[in-house]
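Undergrad: Before I ask anything, here is the structure I am working with.
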Amino acid sequence: MRALSYGLGQQYFDGRDYRGAIRALRPVVEETPDDVGTRLLLARAYYHAALLKPAEEHLLEVIEREPTEYYAHLMLARTLERQSRADEAGKHRRIAAALTGDEDLLKPHRA
């Protein structure tokens with residue numbers, strides 16, 4: 001069932017039905033909270049659905065479990081920027097850039 005729900009969530013996400021992805025992925029994350037990949041996909045769905053607080057919470061969980069996950073830091077920076085929290089976002093941009101060696105990640109995202 002978990003694989004089916006994850007696959008459905010991925011399909012919804014790929015089809016840009018982010019709320020559908022959230023509905024499919026939330027139970028998977030509740031069932032397997034340590035699954036960083038699924039939690040990251042759920043966080044991305046929240047971000048794209050403009051549900052920024054839940055996105056932030058899940059991204060912080062990903063970072064707590066996997067501190068070197070550069071994409072979680074980048075997504076958290078973008079999430080914080082969308083909430084007008086640029087100072088906090090800068091820290092996560094710097095971490096993402098340091099983890100990848102890509103200085104372009106230091107530039108704020110233009111939506």
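Labels used: A, B, ... for chains in the order of the structure tokens, numbers from 1 for residues in each chain, and numbers from 1 for ligands as shown.
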Looking only at alpha helix (DSSP H) from DSSP on the backbone, list the matching residues of chain A as a ChimeraX atom specification.

TA: /A:2-14,18-31,36-48,52-65,70-82,86-100

Undergrad: Write out as an MDAnalysis selection string each polymer residue whose atoms come within 8 Å of Val62 (chain A), counting only C-alpha atoms; drop sequence neighbours fewer than 6 positions from it.

TA: chainID A and resid 36 39:40 69 72

Undergrad: List the spatial neighbours of Asp102 (chain A) as a list in words - criterion: any atom at most 12 Å away, only C-alpha atoms, same-chain residues fewer than 5 positions off excluded.

TA: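 In the requested format, the answer is Tyr70, Leu74, Arg93, Arg94, Ile95, Ala96, Ala97 and Lys107 of chain A.
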
Undergrad: How about saving the chosen residues, C-alpha atoms kept, as a compact mmCIF listing (two decimals), in the first residue's frame?

TA:
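As written to disk, again.txt reads:
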# COMPACT_ATOMS: atom_id res chain seq x y z
CA TYR A 70 21.47 20.16 0.09
CA LEU A 74 17.69 25.08 -0.80
CA ARG A 93 21.44 29.08 0.93
CA ARG A 94 25.00 29.20 2.27
CA ILE A 95 24.75 25.62 3.51
CA ALA A 96 23.36 24.42 0.16
CA ALA A 97 26.15 26.24 -1.70
CA LYS A 107 21.37 34.03 -5.26
